[in-house]
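Remarks on the structure that follows.
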Amino acid sequence: MIAIERDERIAAQRRLLHERSLTLANIPPGNRAHHRLAAECEAISDEIDRLQHCINIPRSVALAVPALLAVLLLALIS
């Protein structure tokens, strides 16, 4: 995953988690809506953790690899 995209996705997930947490704080514990929102917040938190553990590949490297493979392939064919 490209670093910029990963960071943008983490930021979006954090904003979503903040919004859901504010809503969750206003719902009394024990009812179905509270449990559903708590589960959603946990899933968002898990997604943030997963994204943070993704390999951080710089965009220049991600673009250079296919070009290098193409050059090697052409060298092998010639």
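Chain labels run A, B, ... following the order of the structure tokens; each chain numbers its residues from 1, and ligands are numbered from 1 in the order shown.
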inquiry  = Going by DSSP on the backbone, which residues of region 6-77 of chain A come out as alpha helix (DSSP H)? List them as a ChimeraX atom specification.
reply    = /A:6-25,32-52,59-77
So that each row is one residue of region 51-71 of chain A with an atom at most 12 Å from region 10-20 of chain A, can you give its shortest atom pair and the distance in Å to one decimal, using only C-alpha atoms, rows by chain and rising number, as CSV?
```
residue,atom,partner,partner_atom,distance
A:Leu51,CA,A:Ile10,CA,6.7
A:Gln52,CA,A:Ile10,CA,7.6
A:His53,CA,A:Ile10,CA,11.1
A:Cys54,CA,A:Ile10,CA,11.0
```
message = I'd like the contact shell of Leu24 (chain A) - 12 Å cut-off, only C-alpha atoms, skipping same-chain residues fewer than 4 positions apart - returned as number ranges by chain.
response = A: 17-20, 28-42
request  = Record the distance separating CA of Asp7 (chain A) and CA of Leu69 (chain A), expressed in Å with one decimal.
outcome  = 27.3 Å
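Using only C-alpha atoms, the shortest contact distance between Ile44 (chain A) and any of A:Ser21, A:Ala75, A:Ile4, A:Ile27 is found at A:Ser21.
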